[in-house]
Structures are given as structure tokens and as C-alpha cells.
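Below is one structure, written out as C-alpha cells, with a few remarks after it.
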Amino acid sequence: MPISRKDTHIAGEILQGTLDLLILRTLLPGRAHGHTIAEVIEHTSENALEIEQGSLYPALHRLEDRGLLASEWGVSENNRKAKFYWLTPKGRKQLTIETNRWKHMTRAIGLILGEAQ
Amino acid sequence: MNFRRFTQRSEKDARLADEIEAHLAHEVDANIARGLSPEEARRRARLKFGNPRVMRERVWEYRSLPWIEDAWRDFRFALRSLAKSPTFAIIAILVIAVGIGANTAVFSVINTVLLKPLRYPDPQSLVMLANTGPQGVFPAANVPKFNIWHQQTGIFDAVAGYDQAGAGLNLTGGNEPEQLEGVHVTADYFRLFGAPILAGRTFTAAEDSPNGGRVTVLSYGLWKRRFGGNPNIVGTNIQLDGQPYLVVGIIGRDFFTATPTDLWLPYQFNLNSRDMAHYFQVAARLKPGVTVPMANAELKLAADQFRNTYPGSMGPKAGFAVVPLQEIMVGDSRLSLLVLLGAVTFVLLIACANVANLLLIRATARQRELATRSALGAGRGHIIRQLLTESLAISLVGGLLGLIIGFVGVRLLLAISPGGIPRIGPHGSAVNLDGNVLLFTVAVSILTGIFFGLFPALSSSRVKLAVALKESSSQAGVGSRTGRVRSLLVISEVALALVLVVGAALLIRTFLKLQAVDPGFDTHNVLTMAMSISGERFQNTASVAQVVRDGTDRLKNIPGVETAAAACCLPLDGGFGLPFDIVGRPKTNDPNSGGAGYLPISWSYFDAFKVPILRGRSFTEQDDGSAPGVVIINQAMARKYWPTGDPLSDRLLIGANMGSVFAEPPRQIVGVVGDMRGDGLNRDPSPAMYIPIAQMPDKVTALNSRIAPLMWIVRSPVDPHPLAKPIAVALREASGGLPVAHVRTMDEIVVLNTSRQRFNMLLLVIFGASALFVAAIGIYGLMGYSVQQRTQELGIRMALGAQASTIRNMVIRQGMVLAAIGVAIGVGGALWLTHFLASFLFGVKALDPMAFIATLLLLSAVALVAVWIPARRATRVSPVAALRFE
């Protein structure tokens, strides 16, 4: 008998948007493979955003399917096979939009919380 | 996009696994660099990554289309479940396949004839110009009409006249002269139909005027066949009717013509002609934005103008109209095809009812399985979906098989078809499997599956859990709810079958009546053939008369030839008509009030066909151009115009008001002959005038020679087929080298004339018989099942002393009550539906009591047999075994 597939993770969905933004931002300087992306996110956030590294991959593949990323297999810095990702023009545009939206939102939240004027 | 993601996901998953592997390798490298042992490095890497399988599943799932997967799983499950009861599955699939196959076959013909657009550029704007009047709408033209239609530049982009290659044309100059189909066209013809030009050009306006020279355009077929596809033929001369004709162009292979065409010749009309005889047709292309009603409004004015220009040429109720070209081409085959479609739909409905019945039986037997599923948590929706999927599996597999059956079936259908179906190409080659047919079959398959599956699914998904699980599955007999539904299905099968069988009976009666019609002449042992006399040699009557005389003499000397004659035309094969006036009687206002068939014949014509001379005399060889004009009329004409007086004392003025071509002095009526049914065996004989070929006005001979070939008629005391060769040789010698073509016996022409009725009858008999058979199986199945379910009850009855005959009669009564109800409903339906057949009937009425009674008897007999077998089985129930049955 078929099983219902309505086990969606709502919390995950919200975080998903953030993770997408982080991946796009990480790839702004240039191409990188999955492991590098995970490390960069970890380190630049001063290890505050410690994600399960594996959860990066569904996000990467979805971004690629949406045409925001392109990818290619290549050889990594320590001579291993790895799949490299980079931003497409569409991805760059999306990054700008998402960044602005994020800034607006954090500013709005900041205002509500009564931080900076 | 979504779908591609879905179809490629297996491959993508493999790449993702590689990617995850690479990621872990990098993390292990990093960990080792931090100074961890390899095992620890690997452990931490895995820990940090999370479960790779979960990641892959998440990607996999987001790439999936849930409903397709569910449907696919259900479908596979359905196939497995059907495979468990192969007998049921095979029967159901076969029944459905036959039903769908018949529909596919008929639809593929309908698709070709009625649905596909004509193979011309922008075919919607192509129309035929037609005459309207009290007799109906007929597309035909003469030069004055062509002129006035040609002037309607407000509604037409192009107007072209063309004929149907009736006269034929002799290709000479080679070893073997050959009769060709040459179509006369006006210059605009090729532009109008968008003919692709392979080489050279088409006719110029100058070439299409009188004295425009001898030019021709070749068809692709003739060019390949006779001239080896040599492109250098353009610009050279070929010999037609002994004259050189300049080949100016070749038309491409894909050009479609309504009649077979070997080459085209310019019409070269004298546009000042005032001849009113119709001898060609005119097509036109509507200007963009002009609709048929708009064009018809314009043509109404044109008709008034025509009446003023040519007084007396057209009755007050007559007029002009345009008819879409496709409609003209399809003609009356539309109704015929729709009746066929109706018949096969009935067959499919009966097939559906039968399979629904089978499904109900199966569902009863599966009640426990369904209840178990239900107990395990399947909702009613799930069960319905599962059962419907099974029906769809049956109908889709049946549809696939039906496609094959349909493909074979349509070839059979066309093999027995009269050849009168338009647009299907030579031997039906234009009928093929295209997207429309595939779509139709798939749609019919799905609809069928839902149609026969929905009710069984709904009714058997309504399971009372506790009851079903506890009790045995054998409780549902004829009395239960599904039993009543099954009875209803059987009743409708009988009703539908009855309608089809009544239709078949009516067509059988029609065919028998047609066979019994006396054609008015002896059709046996007569060979006919056509000789084209279109050349310049035959522009006057004397030369044609000479060929007729010489030919007849030569033919008479062939051993085995009893009589030989020539004529303009053959009975049942078309002909001409002209108006006439009876000299001395006041003229009526309507110029066509005295119209009759106009049949130029040689003196031995009535002998050859054994037509009785009722009064006066037949023609003789002496009735030639130097003798006074004579005419012989048929009995129908004598009855209509001389109900009391004596026709032999009157003279006829033929073709008055038809223009100078037909002008001639009055003719003395010298004889009355028996009626020949020349317009069709199903038509009453109409008035006809016979005149000697040797006495035709020269201009009529010239016109006739361009329109129709000369027909030769040879009677032999035995089968005339072996005479064909010596006759052809004799006629070629007698005519100075003219070939003959279209060699047919008169019997063959008669068969062709009734072939459409034969075709309709044959198909409806096939459909009716299969419907009857399937309905009989339905009754048999229901009663057989009912007897089996009631074994226990019957056993108890027997044990209590019931007679075998009582039991048998009870079962028979129950079965026959169902059949009787079905018959009653069917008769009601047939009373209404048979009127659609009315135009196909001859000599019987749509409500013919004989056909209805015969059908009733046949159906009752079949039903009785179908009920008898289970009834006999019921009487053989052993009481002891029955009581132990459970």
C-alpha cells in the first residue's frame, strides 16, 4: 500500500533558504567543491553555524536544478576527484536579491528588537 | 523540467554517491592532517557528514513525481493480480481488444475521409461552385456560368474549371498505344490547388485560349512510368491522339487529384460560348476573410445577373452556391461511416458490459481478499483505485491488442469495400496509423476501462468487514445487489445486440431485394470496353459513325461474338441528359420540365442488351446522317408524357434553349423500348431518349468526344472474358490504331453498382453477429454462475422432491425473463435508431415487420440455447453432493 508522503520538515524549509543563501555567497569569489563549501561556511561563521555536512548536498543539487549553479567534475587541491560548483549569471542575480532581502529582514527584526537606530 | 529530473534520477543518484564519497575522502584527509589516526579520521568524517543514505534519499525524493510512482506501483500490482487468474484476464482482454479493434479500424477510415484536411495548401478556403434548385445541389458548369463565377473577384482569389478525365486520351507514337487519363483544366487550376511543379511550368493564359497550341503537363506517375523520369522530356513533343503535344512541365509526386490523372491539357475555352450543357466543374479559392454564407450572398446576385443575360436558361428557383471542397469529396460516405461508427460503438458497449460482469464475478470471489486489505488499513479510496487500476490494465492491454486488430481489421475492411469511399487512396493506402488514431485508441481504452471498471469497483469496495471475513464468499447470487446489477448488464447487452441485429436484418433484406430487381436488360455474357475518341479526327459525326460501323463489322466476324454495339455510355455507369419539347404542344415556363436521358447508341444496342421493343421499331444501319432524324423513347417516358396519346405520332425537339451546339431539327419518335434501370438498380427508371450515333449533330459529337469515351458492347453466348484480346485487336484495326481500356463485363458493373449495399450489409452482419455472440455469452455466464452459486439450494429442492423439469424450467424462466426485458428495450431502441438507416434501404421500410420478427426469433433462440446449458446442469445437481458443498 502506498504511504503518504506528507512528512515535510517545516523547520528544515526555513533553514533551507538560509543555507541556499550561504552557499551562493560562499561561491561568489569562485568555484569550489562540496567539502570546501562546507568548511568555508563553518569557519567564516566562526563555527557558529555547524551544520551536518551532508545536508549541504540536497541544497547544492536543488540549486543546480534551478539553474543557479553549474557544476563539473575535476581534481581538487589534494589531488582527489571532486565535483566543483560555481555561480551562473542567474545565480549571481539571485544572490543579490536574496542578500538584499536578508538585509531588509534583519534590519526589520533589529528594529523590532530595539537594537540600532 | 520536472519530468527530466524524474527520468534521470537513477543516474544522478549514482553521481551523488560518488560526490559524497569524495567529500568524505577530503574530510578524512583534513582529519589526518590534524593528526588523527586513519580510523578515527574516518569515524569523525562520517559523524560530521551525517547519514549519506538519508541525504541521497532526500535528493531522490525531491526528484520524484509521487503520482506516477504510485500509479506505476498500482499498475504492476494489477498485472500481478491479473496474472493470478489468467483465464479471466485473457477473456476480458480479448473481448475488450475486439471491441476496441473494431472501433480503431472504423475510426482510422473516418479519420482519413472526414477528419484529415485535404492535402492542398490552406484547404479550408477551397470550394466547389454548384447549382442549386429543386432537385438539390450539384456541382457542374458550362462556359457562361464559368465566366460569371470568374468575375466574382470580390469573393474569389482564383477560379478554375476542370473535368474528370472521362474521355481518356490515346498516347501514340510508341510500340504500344495506351489510353491515358487526361484532365482538361483552365490555366488557374495549378495555382488554385497549389500544385508543386517538379520541372518546367504550367499553362500560360495564352496557351489556355482557343488556338493556344497543343501543350500538356505530365503527372509524376506518367513521367516515371512512360518516360523513365527523364527531365529532358520538358520542351519536347509527345504524340497524343496522333498529334504532337509540347510537354511544358511536370507536376510533383505529392499532388493529390480526386480522380486518377496521367496528364493535364488546357481547356482552351471559347469564352463567348453560349452552350448551356454542363460538362465540367469549377472550384475556387475564397478570399481571406470571406465565409461560405458571404460568398453565397454574392452568388445570389450573380444568379440574377445570369438569368437576365441568358433568358430561359435557368428556372426561377435555381441559383448558385459554394460548397466546401471537402464536403463535396466526402459526399454521402459521411453518413455511411457514422452509421458504422455507431455500430462498432454498440459492439464495444456490449464488450464493456460483459467485462463488467466478469469483474463483478471476480470481485465476489475476492471479497475476502478485499476485506483483509481493508482490515490492514487500506481506505476505500485505495481499494477503488486498486480495482480501477486493474480495469485500466485490462483495457490498456486490450487497447494495445486492439490497435493491432484494428490495423489488420482496417485492411480487411478496405479489401471488401466497394472502392467508392473517397480520399482513401489506391487500395486504401491513405488510411494509416497516425497520431489521431493512436490518441483515439488510447482515449477509448482509458474510457472503456473506467466505464466497465467503475461500477464493479464502487460496489465491491463497499465491504462489510466483519461479515465478509466471517462468511464464505458464495453468498452473492442473482438475488443479491451485485446480482441485480449483473442482470441489468445482461439486459442491456441483449438490448444493444438486438438493435444491431435488426440493422443487419434490414440491410440483408435490402440486399436481397436489390438482387431480385429486374434491371430491364440481360446483364450476363456481355463484355464492355472504352475507346477514347478525343482526337481531332472525331470532331464530326460521320467519322465516329464510320468507326462504329467498321468496328461492328469486324467484331461480328470474331467467333463467339453474338452481337456488337457501340454507345455513348453504359447502363449503371453514368450518362447525359437534355431537355426536350414535344412539337405541337404548348411550351411550359420551366425549360427543364421535359428533361430526359440523352443516349446516343448504335443500331444493335437493344439487341446486345436484349431490351424488348414494345412499340414501333428499333434503329437500323440505315438511320444515318442522310436519313430523317429519328428517336426511340423508353416506357417510363411514354407513360409520363403520353399517358393517353400515341408517342409514335409525335416529334421531339431536343436541346432547345441549350445553345447553338444542340440546335437540330425535330426527330420523329419511331419506337418505344422497355425500361432499363440505368441510374442504379435502386432507382426507378427515368425517361430516356435514344438517338442513333450516326445522327448526332456534329458539335454534340465533338463535345461528347471530349467528355466521354465511346463504349463498346459485345454479347457472347458464353463467358465473354476470353474474347477480350481478339476484340481489342479487331477494334484497333478497325479504328486505325485506337486502344481500348476499362474492359469489364456488364455483370461486374452490376456488382459494382450494388457493392456499397453489399459492404454495408456485410459489416453490419459481422457486427450484429459478434454482438449476438457476446450477449449470448453474457446470458450463459450469468445463469451458469447463478446455478453454481445456488447448488446448495437446488440440492435441497431436489432432496425435498422437486422434479428435474421443474428445476430446469425455473432456471430457463429466470434467464428468459432477462432476455425478454432486453428484447423489449432493444425493440424500443431499434424503432428509433433504424431511421438512421433509412437512406441505405431499398424495398424495405425502416420499421420492416419481417426484419423485426426475424430478429426477435433469432435472438430468442440464441438466448434459449444460452440458458438451456446451465439449466440442464442445474438438473444434474446431486442432492448429496450439494448438501456437502460447503
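Here's how to read the names in the C-alpha cells: chain A, B, ... by the order shown, residue numbers from 1 in each chain, ligand numbers from 1 in the order shown.
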List every residue of region 14-79 of chain A that DSSP, applied to the backbone of this structure, places in strand (DSSP E or B), and write the result as a PyMOL selection string.
-> chain A and resi 32-33+69-75
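For chain A, the residues close to chain B, meaning within 8 Å and counting only C-alpha atoms, are Met1, Pro2, Gly34, His35, Glu52, Gln53, Gly54, Ser55, Tyr57, Pro58, His61, Arg80, Lys81, Ala82 and Lys83 of chain A.
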Next, write the just-selected residues to a file, as a PDB file, in the first residue's frame, keeping C-alpha atoms as the atom set.
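Final output, out-v7.pdb:
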```pdb
ATOM      1  CA  MET A   1       0.000   0.000   0.000  1.00  0.00           C
ATOM      2  CA  PRO A   2       1.296   3.437  -0.836  1.00  0.00           C
ATOM      3  CA  GLY A  34      31.311  20.474  -1.653  1.00  0.00           C
ATOM      4  CA  HIS A  35      33.862  19.905   1.093  1.00  0.00           C
ATOM      5  CA  GLU A  52      25.553  18.434   9.313  1.00  0.00           C
ATOM      6  CA  GLN A  53      27.842  18.463   6.289  1.00  0.00           C
ATOM      7  CA  GLY A  54      25.679  16.025   4.375  1.00  0.00           C
ATOM      8  CA  SER A  55      22.687  18.352   4.376  1.00  0.00           C
ATOM      9  CA  TYR A  57      24.163  18.159  -0.852  1.00  0.00           C
ATOM     10  CA  PRO A  58      20.376  18.243  -1.268  1.00  0.00           C
ATOM     11  CA  HIS A  61      21.565  19.744  -6.163  1.00  0.00           C
ATOM     12  CA  ARG A  80      41.290  13.911  -5.451  1.00  0.00           C
ATOM     13  CA  LYS A  81      38.321  13.693  -7.734  1.00  0.00           C
ATOM     14  CA  ALA A  82      35.699  16.260  -6.736  1.00  0.00           C
ATOM     15  CA  LYS A  83      32.659  17.967  -8.178  1.00  0.00           C
TER      16      LYS A  83
END
```
Name the residues in contact with Thr26 (chain A) at a cut-off of 9 Å, using only C-alpha atoms, excluding same-chain residues fewer than 4 positions from it; report them as a PDB file with C-alpha atoms, in the first residue's frame.
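Final output, saved to part-v6.pdb:
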```pdb
ATOM      1  CA  LEU A  21      21.979  31.981   0.625  1.00  0.00           C
ATOM      2  CA  LEU A  22      25.142  30.881   2.409  1.00  0.00           C
ATOM      3  CA  GLY A  30      34.876  31.469  -7.494  1.00  0.00           C
ATOM      4  CA  ALA A  32      34.631  25.279  -5.097  1.00  0.00           C
ATOM      5  CA  ILE A  37      31.971  24.978   0.743  1.00  0.00           C
ATOM      6  CA  VAL A  40      34.174  27.854   4.462  1.00  0.00           C
ATOM      7  CA  ILE A  41      30.670  28.168   5.901  1.00  0.00           C
TER       8      ILE A  41
END
```
Residue neighbourhood Ala318 (chain B), 9 Å, only C-alpha atoms, exclusion window fewer than 3 positions, as an MDAnalysis selection string | chainID B and resid 131:134 303 314:315
Take the residues that were just selected and, keeping N, CA and C atoms, output them as a short mmCIF file (atom, residue, chain, number, x, y, z; two decimals), in the first residue's frame.
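That gives us selection.cif:
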```
data_model
loop_
_atom_site.label_atom_id
_atom_site.label_comp_id
_atom_site.auth_asym_id
_atom_site.auth_seq_id
_atom_site.Cartn_x
_atom_site.Cartn_y
_atom_site.Cartn_z
N ASN B 131 -24.72 24.32 -58.63
CA ASN B 131 -26.05 24.82 -58.99
C ASN B 131 -27.01 24.37 -57.92
N THR B 132 -27.89 25.26 -57.51
CA THR B 132 -28.91 24.85 -56.55
C THR B 132 -30.25 24.90 -57.25
N GLY B 133 -31.19 24.16 -56.71
CA GLY B 133 -32.51 24.15 -57.32
C GLY B 133 -33.37 23.11 -56.64
N PRO B 134 -34.59 22.94 -57.15
CA PRO B 134 -35.50 21.99 -56.51
C PRO B 134 -34.93 20.56 -56.49
N ALA B 303 -26.52 35.06 -59.77
CA ALA B 303 -27.52 34.22 -60.43
C ALA B 303 -28.59 35.09 -61.10
N MET B 314 -32.29 29.36 -66.93
CA MET B 314 -32.27 28.88 -65.55
C MET B 314 -33.63 29.17 -64.93
N GLY B 315 -34.20 28.18 -64.27
CA GLY B 315 -35.51 28.34 -63.66
C GLY B 315 -35.48 29.36 -62.54
#
```
Which of these, B:Val877, B:Ala321, B:Ala863, B:Ala277, has the shortest distance to Ala804 (chain B) once you count only C-alpha atoms?
->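 So, comparing all the options, the nearest one is B:Val877.
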Just give me the gap between CA of Ala596 (chain B) and CA of Ala663 (chain B) in Å, one decimal is fine.
->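 Pair CA of Ala596 (chain B) / CA of Ala663 (chain B) returns 16.6 Å.
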Option closest in space to Leu763 (chain B), from B:Arg715, B:Val344, B:Ile405, B:Ser543 [counting only C-alpha atoms] |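 Using only C-alpha atoms, Leu763 (chain B) sits closest to B:Val344.
Between Gly659 (chain B) and the candidates B:Ala694, B:Ile197, B:Val700, B:Leu831, the tightest atom-to-atom separation, counting only C-alpha atoms, involves B:Val700.
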What's around Thr345 (chain B) at 7 Å? Count only C-alpha atoms, leave out sequence neighbours fewer than 4 positions away in its own chain, and write the answer as an mmCIF file with N, CA and C atoms, in the first residue's frame.
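So the final result, stored in selection_23.cif, reads:
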```cif
data_model
loop_
_atom_site.group_PDB
_atom_site.id
_atom_site.type_symbol
_atom_site.label_atom_id
_atom_site.label_comp_id
_atom_site.auth_asym_id
_atom_site.auth_seq_id
_atom_site.Cartn_x
_atom_site.Cartn_y
_atom_site.Cartn_z
ATOM 1 N N ASN B 103 -13.413 -0.522 -33.284
ATOM 2 C CA ASN B 103 -13.525 0.939 -33.245
ATOM 3 C C ASN B 103 -12.327 1.606 -33.896
ATOM 4 N N LEU B 341 -19.686 3.723 -37.334
ATOM 5 C CA LEU B 341 -19.110 4.070 -36.035
ATOM 6 C C LEU B 341 -20.116 3.781 -34.929
ATOM 7 N N LEU B 349 -19.731 -1.312 -26.390
ATOM 8 C CA LEU B 349 -20.551 -1.215 -25.179
ATOM 9 C C LEU B 349 -20.910 -2.607 -24.672
#
```
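When the distance limit is 12 Å and only C-alpha atoms are what count, the residues near region 96-113 of chain A, minus those fewer than 2 positions from it on the same chain, are Gly17, Thr18, Leu19, Asp20, Leu21, Leu22, Ile23, Leu24, Arg25, Leu28, Leu87, Pro89, Lys90, Gly91, Arg92, Lys93, Gln94, Glu115, Ala116 and Gln117 of chain A.
Compared by their closest atoms to Val98 (chain B), and using only C-alpha atoms, the residues B:Ala741, B:Met637, B:Ala457, B:Leu401 rank with B:Leu401 nearest.
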